[in-house]
>>> print(open('data.pdb').read())   # PDB, C-alpha atoms, pLDDT in the B column
ATOM      1  CA  MET F   1     -17.524  11.971 -34.137  1.00 47.00           C
ATOM      2  CA  HIS F   2     -15.034  14.622 -33.098  1.00 46.00           C
ATOM      3  CA  ARG F   3     -14.109  12.668 -29.932  1.00 47.00           C
ATOM      4  CA  PHE F   4     -13.602   9.514 -31.958  1.00 41.00           C
ATOM      5  CA  GLY F   5     -11.223  11.331 -34.333  1.00 44.00           C
ATOM      6  CA  LEU F   6      -9.250  12.739 -31.402  1.00 41.00           C
ATOM      7  CA  ALA F   7      -9.038   9.321 -29.746  1.00 42.00           C
ATOM      8  CA  LEU F   8      -7.847   7.785 -33.013  1.00 42.00           C
ATOM      9  CA  ALA F   9      -5.174  10.470 -33.442  1.00 43.00           C
ATOM     10  CA  MET F  10      -3.972   9.926 -29.866  1.00 44.00           C
ATOM     11  CA  ALA F  11      -3.859   6.145 -30.362  1.00 43.00           C
ATOM     12  CA  SER F  12      -1.812   6.621 -33.535  1.00 44.00           C
ATOM     13  CA  ALA F  13       0.655   8.887 -31.711  1.00 43.00           C
ATOM     14  CA  VAL F  14       1.058   6.310 -28.948  1.00 43.00           C
ATOM     15  CA  ALA F  15       1.568   3.489 -31.472  1.00 45.00           C
ATOM     16  CA  ILE F  16       4.632   5.135 -33.042  1.00 48.00           C
ATOM     17  CA  GLN F  17       6.288   6.144 -29.793  1.00 51.00           C
ATOM     18  CA  THR F  18       9.625   4.505 -29.258  1.00 50.00           C
ATOM     19  CA  PRO F  19       9.819   2.269 -26.207  1.00 56.00           C
ATOM     20  CA  PRO F  20      12.091   4.164 -23.750  1.00 51.00           C
ATOM     21  CA  SER F  21      14.590   1.295 -23.569  1.00 60.00           C
ATOM     22  CA  SER F  22      14.872   0.995 -27.348  1.00 87.00           C
ATOM     23  CA  ASN F  23      16.728   4.065 -28.530  1.00 94.00           C
ATOM     24  CA  PHE F  24      19.381   2.785 -30.932  1.00 97.00           C
ATOM     25  CA  SER F  25      20.914   6.218 -31.611  1.00 97.00           C
ATOM     26  CA  GLY F  26      24.694   6.328 -31.692  1.00 97.00           C
ATOM     27  CA  SER F  27      27.718   4.711 -33.287  1.00 98.00           C
ATOM     28  CA  TRP F  28      28.075   0.919 -33.169  1.00 98.00           C
ATOM     29  CA  VAL F  29      30.980  -1.370 -34.119  1.00 98.00           C
ATOM     30  CA  PHE F  30      30.450  -4.982 -35.218  1.00 98.00           C
ATOM     31  CA  ASN F  31      32.024  -7.619 -32.953  1.00 98.00           C
ATOM     32  CA  PRO F  32      32.346 -10.862 -34.958  1.00 98.00           C
ATOM     33  CA  ALA F  33      33.706 -12.790 -31.955  1.00 97.00           C
ATOM     34  CA  ARG F  34      30.377 -12.321 -30.114  1.00 98.00           C
ATOM     35  CA  SER F  35      28.233 -12.993 -33.214  1.00 98.00           C
ATOM     36  CA  ARG F  36      26.800 -16.335 -34.453  1.00 98.00           C
ATOM     37  CA  ASN F  37      26.249 -18.041 -37.814  1.00 97.00           C
ATOM     38  CA  ILE F  38      28.052 -15.249 -39.663  1.00 97.00           C
ATOM     39  CA  GLY F  39      30.273 -17.385 -41.934  1.00 95.00           C
ATOM     40  CA  MET F  40      32.501 -15.219 -44.132  1.00 94.00           C
ATOM     41  CA  MET F  41      31.186 -12.092 -42.399  1.00 94.00           C
ATOM     42  CA  ALA F  42      33.670 -12.881 -39.598  1.00 96.00           C
ATOM     43  CA  GLU F  43      36.121 -10.859 -41.743  1.00 96.00           C
ATOM     44  CA  LEU F  44      33.721  -7.902 -42.017  1.00 95.00           C
ATOM     45  CA  ARG F  45      34.690  -4.562 -40.489  1.00 97.00           C
ATOM     46  CA  ASP F  46      31.450  -2.692 -39.914  1.00 97.00           C
ATOM     47  CA  THR F  47      30.495   0.571 -38.207  1.00 98.00           C
ATOM     48  CA  VAL F  48      26.839   1.536 -38.001  1.00 98.00           C
ATOM     49  CA  THR F  49      25.588   5.034 -37.174  1.00 98.00           C
ATOM     50  CA  ILE F  50      21.952   5.323 -36.128  1.00 98.00           C
ATOM     51  CA  GLU F  51      19.782   8.428 -35.859  1.00 98.00           C
ATOM     52  CA  GLN F  52      16.384   7.841 -34.302  1.00 97.00           C
ATOM     53  CA  THR F  53      13.314   9.985 -33.706  1.00 95.00           C
ATOM     54  CA  ALA F  54       9.850   8.980 -32.519  1.00 93.00           C
ATOM     55  CA  SER F  55       8.745   8.403 -36.129  1.00 95.00           C
ATOM     56  CA  GLN F  56      11.848   7.344 -38.083  1.00 96.00           C
ATOM     57  CA  ILE F  57      15.157   5.557 -37.771  1.00 97.00           C
ATOM     58  CA  THR F  58      18.068   6.098 -40.177  1.00 98.00           C
ATOM     59  CA  ILE F  59      20.819   3.480 -40.217  1.00 97.00           C
ATOM     60  CA  THR F  60      24.064   4.313 -42.032  1.00 97.00           C
ATOM     61  CA  ASP F  61      26.302   1.298 -42.486  1.00 96.00           C
ATOM     62  CA  HIS F  62      30.008   1.749 -43.345  1.00 96.00           C
ATOM     63  CA  SER F  63      31.666  -1.607 -44.022  1.00 96.00           C
ATOM     64  CA  THR F  64      34.879  -3.065 -45.402  1.00 96.00           C
ATOM     65  CA  MET F  65      35.377  -6.655 -46.545  1.00 94.00           C
ATOM     66  CA  ASP F  66      38.105  -8.093 -48.752  1.00 93.00           C
ATOM     67  CA  GLY F  67      39.420  -4.567 -49.375  1.00 94.00           C
ATOM     68  CA  GLN F  68      36.040  -3.355 -50.674  1.00 94.00           C
ATOM     69  CA  THR F  69      34.462  -0.436 -48.810  1.00 95.00           C
ATOM     70  CA  SER F  70      30.765   0.349 -49.009  1.00 94.00           C
ATOM     71  CA  THR F  71      28.214   2.642 -47.422  1.00 95.00           C
ATOM     72  CA  ARG F  72      24.492   1.936 -47.271  1.00 94.00           C
ATOM     73  CA  GLU F  73      21.673   3.969 -45.739  1.00 96.00           C
ATOM     74  CA  VAL F  74      18.389   2.467 -44.569  1.00 97.00           C
ATOM     75  CA  ARG F  75      15.399   4.605 -43.546  1.00 97.00           C
ATOM     76  CA  LEU F  76      12.566   2.991 -41.626  1.00 97.00           C
ATOM     77  CA  ASP F  77       9.179   4.434 -40.714  1.00 97.00           C
ATOM     78  CA  LEU F  78       8.546   3.551 -37.055  1.00 95.00           C
ATOM     79  CA  GLY F  79       4.792   3.875 -37.542  1.00 92.00           C
ATOM     80  CA  GLY F  80       4.654   0.762 -39.722  1.00 93.00           C
ATOM     81  CA  LYS F  81       4.436   2.505 -43.123  1.00 96.00           C
ATOM     82  CA  PRO F  82       6.170   0.449 -45.870  1.00 97.00           C
ATOM     83  CA  THR F  83       9.356   2.011 -47.251  1.00 96.00           C
ATOM     84  CA  THR F  84      11.773   0.974 -49.991  1.00 96.00           C
ATOM     85  CA  ASN F  85      15.402   0.293 -49.076  1.00 95.00           C
ATOM     86  CA  ALA F  86      18.385  -1.386 -50.693  1.00 90.00           C
ATOM     87  CA  GLY F  87      19.149  -4.774 -49.203  1.00 85.00           C
ATOM     88  CA  PRO F  88      22.681  -5.894 -48.287  1.00 79.00           C
ATOM     89  CA  MET F  89      23.291  -7.031 -51.886  1.00 77.00           C
ATOM     90  CA  GLY F  90      21.860  -3.833 -53.411  1.00 79.00           C
ATOM     91  CA  ASP F  91      18.471  -5.278 -54.400  1.00 85.00           C
ATOM     92  CA  GLN F  92      15.346  -3.230 -53.667  1.00 91.00           C
ATOM     93  CA  ASN F  93      13.274  -4.365 -50.690  1.00 93.00           C
ATOM     94  CA  GLU F  94      10.004  -3.263 -49.172  1.00 96.00           C
ATOM     95  CA  THR F  95      10.638  -2.776 -45.444  1.00 96.00           C
ATOM     96  CA  VAL F  96       8.035  -2.591 -42.710  1.00 97.00           C
ATOM     97  CA  ALA F  97       9.144  -1.784 -39.144  1.00 97.00           C
ATOM     98  CA  ARG F  98       7.170  -2.363 -35.957  1.00 95.00           C
ATOM     99  CA  TRP F  99       7.851  -2.489 -32.223  1.00 95.00           C
ATOM    100  CA  GLN F 100       7.393  -5.807 -30.457  1.00 94.00           C
ATOM    101  CA  ASP F 101       8.278  -6.288 -26.790  1.00 92.00           C
ATOM    102  CA  GLY F 102      10.801  -3.413 -26.849  1.00 92.00           C
ATOM    103  CA  LYS F 103      12.520  -4.762 -29.974  1.00 96.00           C
ATOM    104  CA  LEU F 104      12.443  -3.306 -33.474  1.00 97.00           C
ATOM    105  CA  VAL F 105      11.215  -5.957 -35.916  1.00 97.00           C
ATOM    106  CA  VAL F 106      11.706  -5.210 -39.622  1.00 97.00           C
ATOM    107  CA  THR F 107      10.295  -7.360 -42.406  1.00 97.00           C
ATOM    108  CA  TRP F 108      12.306  -7.149 -45.646  1.00 96.00           C
ATOM    109  CA  THR F 109      10.506  -8.390 -48.777  1.00 94.00           C
ATOM    110  CA  ALA F 110      12.190  -8.648 -52.189  1.00 91.00           C
ATOM    111  CA  ASP F 111      11.715 -10.408 -55.512  1.00 84.00           C
ATOM    112  CA  GLY F 112      13.136 -13.930 -55.495  1.00 83.00           C
ATOM    113  CA  ALA F 113      15.612 -15.373 -57.991  1.00 82.00           C
ATOM    114  CA  VAL F 114      12.765 -17.297 -59.646  1.00 86.00           C
ATOM    115  CA  ALA F 115      10.265 -15.104 -61.519  1.00 87.00           C
ATOM    116  CA  GLY F 116       7.093 -14.488 -59.521  1.00 85.00           C
ATOM    117  CA  THR F 117       8.563 -15.492 -56.153  1.00 84.00           C
ATOM    118  CA  ARG F 118       9.179 -13.318 -53.100  1.00 88.00           C
ATOM    119  CA  VAL F 119      11.869 -13.637 -50.434  1.00 90.00           C
ATOM    120  CA  VAL F 120      11.071 -12.506 -46.893  1.00 93.00           C
ATOM    121  CA  ARG F 121      13.679 -11.828 -44.227  1.00 95.00           C
ATOM    122  CA  THR F 122      12.846 -10.786 -40.668  1.00 97.00           C
ATOM    123  CA  GLU F 123      15.362  -8.677 -38.785  1.00 97.00           C
ATOM    124  CA  THR F 124      15.002  -8.152 -35.025  1.00 98.00           C
ATOM    125  CA  ARG F 125      17.097  -5.397 -33.404  1.00 98.00           C
ATOM    126  CA  SER F 126      17.443  -5.241 -29.609  1.00 97.00           C
ATOM    127  CA  LEU F 127      19.546  -3.577 -26.918  1.00 97.00           C
ATOM    128  CA  SER F 128      21.181  -5.037 -23.833  1.00 96.00           C
ATOM    129  CA  ALA F 129      19.878  -3.822 -20.457  1.00 94.00           C
ATOM    130  CA  ASP F 130      22.832  -1.403 -20.116  1.00 94.00           C
ATOM    131  CA  GLY F 131      22.364  -0.063 -23.687  1.00 94.00           C
ATOM    132  CA  LYS F 132      25.961  -0.866 -24.656  1.00 97.00           C
ATOM    133  CA  THR F 133      25.278  -3.861 -26.892  1.00 98.00           C
ATOM    134  CA  MET F 134      22.971  -4.027 -29.914  1.00 98.00           C
ATOM    135  CA  THR F 135      22.016  -7.417 -31.326  1.00 98.00           C
ATOM    136  CA  VAL F 136      20.621  -7.815 -34.843  1.00 98.00           C
ATOM    137  CA  GLU F 137      19.090 -11.218 -35.566  1.00 98.00           C
ATOM    138  CA  SER F 138      18.215 -11.928 -39.195  1.00 97.00           C
ATOM    139  CA  VAL F 139      16.121 -14.931 -40.289  1.00 97.00           C
ATOM    140  CA  ARG F 140      15.117 -16.038 -43.787  1.00 93.00           C
ATOM    141  CA  GLY F 141      12.705 -18.965 -44.033  1.00 87.00           C
ATOM    142  CA  ASN F 142      13.702 -21.946 -41.906  1.00 90.00           C
ATOM    143  CA  ASN F 143      17.418 -21.099 -41.983  1.00 91.00           C
ATOM    144  CA  PRO F 144      19.269 -20.659 -38.676  1.00 95.00           C
ATOM    145  CA  PRO F 145      19.353 -16.981 -37.644  1.00 97.00           C
ATOM    146  CA  ILE F 146      22.389 -14.847 -38.386  1.00 97.00           C
ATOM    147  CA  VAL F 147      23.137 -12.974 -35.157  1.00 98.00           C
ATOM    148  CA  MET F 148      25.314  -9.862 -35.417  1.00 98.00           C
ATOM    149  CA  VAL F 149      26.478  -8.195 -32.199  1.00 98.00           C
ATOM    150  CA  PHE F 150      27.513  -4.516 -32.147  1.00 98.00           C
ATOM    151  CA  GLU F 151      29.131  -2.551 -29.326  1.00 98.00           C
ATOM    152  CA  LYS F 152      28.342   1.103 -28.680  1.00 98.00           C
ATOM    153  CA  GLN F 153      31.221   3.535 -29.172  1.00 97.00           C
TER     154      GLN F 153
END
>>> encode(input="data.pdb", output="structure tokens")
Amino acid sequence: MHRFGLALAMASAVAIQTPPSSNFSGSWVFNPARSRNIGMMAELRDTVTIEQTASQITITDHSTMDGQTSTREVRLDLGGKPTTNAGPMGDQNETVARWQDGKLVVTWTADGAVAGTRVVRTETRSLSADGKTMTVESVRGNNPPIVMVFEKQ
């Protein structure tokens, strides 16, 4: 039984390890010209600061649009434990992060506008091969993905 417990602990430690090519730490600036399906967000000025450890990622988003400045912090458990974070519109979401093929996939679940419904958005964060470009693809339902491209500073 002792060996089984040790093997399980080791497997858990391996499961939360960050893929070596997927360290998002640093300061990133949104590039609307390289992004897709962003609509009015083309006017957004956005700087994202990311701190990442093997078990957690903290994303601090400083943005300005139409003269309004806001700051939002998102904390994700990289071991797959659900956490609560404010969505882009300030609503509370349950977030679950997992690694898939070197990309960070986060499922955001919130109450829908109609009582008793839930809205699910999937956000996939990836890095370019040189680590200088971060792409965040966000999909809700069957809608076309919103693709935001950030450049490392």
>>> atom_distance(input="data.pdb", atom1="CA of Ser27 in chain F", atom2="CA of Leu76 in chain F")
17.4 Å
>>> residues_around(input="data.pdb", residues="Val147 in chain F", least_positions_apart="3", cutoff="9 Å", atoms="all atoms listed in the file", output="MDAnalysis selection string")
chainID F and resid 34:38 135:139
>>> atom_distance(input="data.pdb", atom1="CA of Ile50 in chain F", atom2="CA of Trp28 in chain F")
8.1 Å
>>> resolve_selection(input="data.pdb", expression="the PyMOL selection byres ((chain F and resi 123-131) around 9)", output="PyMOL selection string")
chain F and resi 21-24+102-108+121-122+132-140+152
>>> residues_around(input="data.pdb", residues="Val74 in chain F", least_positions_apart="3", cutoff="6 Å", atoms="all atoms listed in the file", output="PyMOL selection string")
chain F and resi 58-59+85
>>> closest_residue(input="data.pdb", among="F:Arg45, F:Arg72, F:His62, F:Lys81", to="Ala97 in chain F", atoms="only C-alpha atoms")
F:Lys81
>>> atom_distance(input="data.pdb", atom1="CA of Gly79 in chain F", atom2="CA of Arg98 in chain F")
6.9 Å
>>> closest_residue(input="data.pdb", among="F:Pro32, F:Gly90, F:Gly39, F:Gly141", to="Val120 in chain F", atoms="all atoms listed in the file")
F:Gly141
>>> residues_around(input="data.pdb", residues="Ala86 in chain F", least_positions_apart="2", cutoff="12 Å", atoms="all atoms listed in the file", output="MDAnalysis selection string")
chainID F and resid 59:61 71:76 83:84 88:95 108:110
>>> closest_residue(input="data.pdb", among="F:Gln52, F:Pro145, F:Leu44, F:Pro82", to="Gly67 in chain F", atoms="all atoms listed in the file")
F:Leu44
>>> resolve_selection(input="data.pdb", expression="the PyMOL selection byres ((chain F and resi 55) around 7)", output="ChimeraX atom specification")
/F:16,53-54,56,77-79
>>> axis_aligned_box(input="data.pdb", around="range 148-151 of chain F", padding_each_side="5 Å", output="lines of an AutoDock Vina configuration file")
center_x = 27.2
center_y = -6.2
center_z = -32.4
size_x = 13.8
size_y = 17.3
size_z = 16.1
>>> closest_residue(input="data.pdb", among="F:Ile57, F:Ser25, F:Asp66, F:Asp101", to="Met40 in chain F", atoms="all atoms listed in the file")
F:Asp66
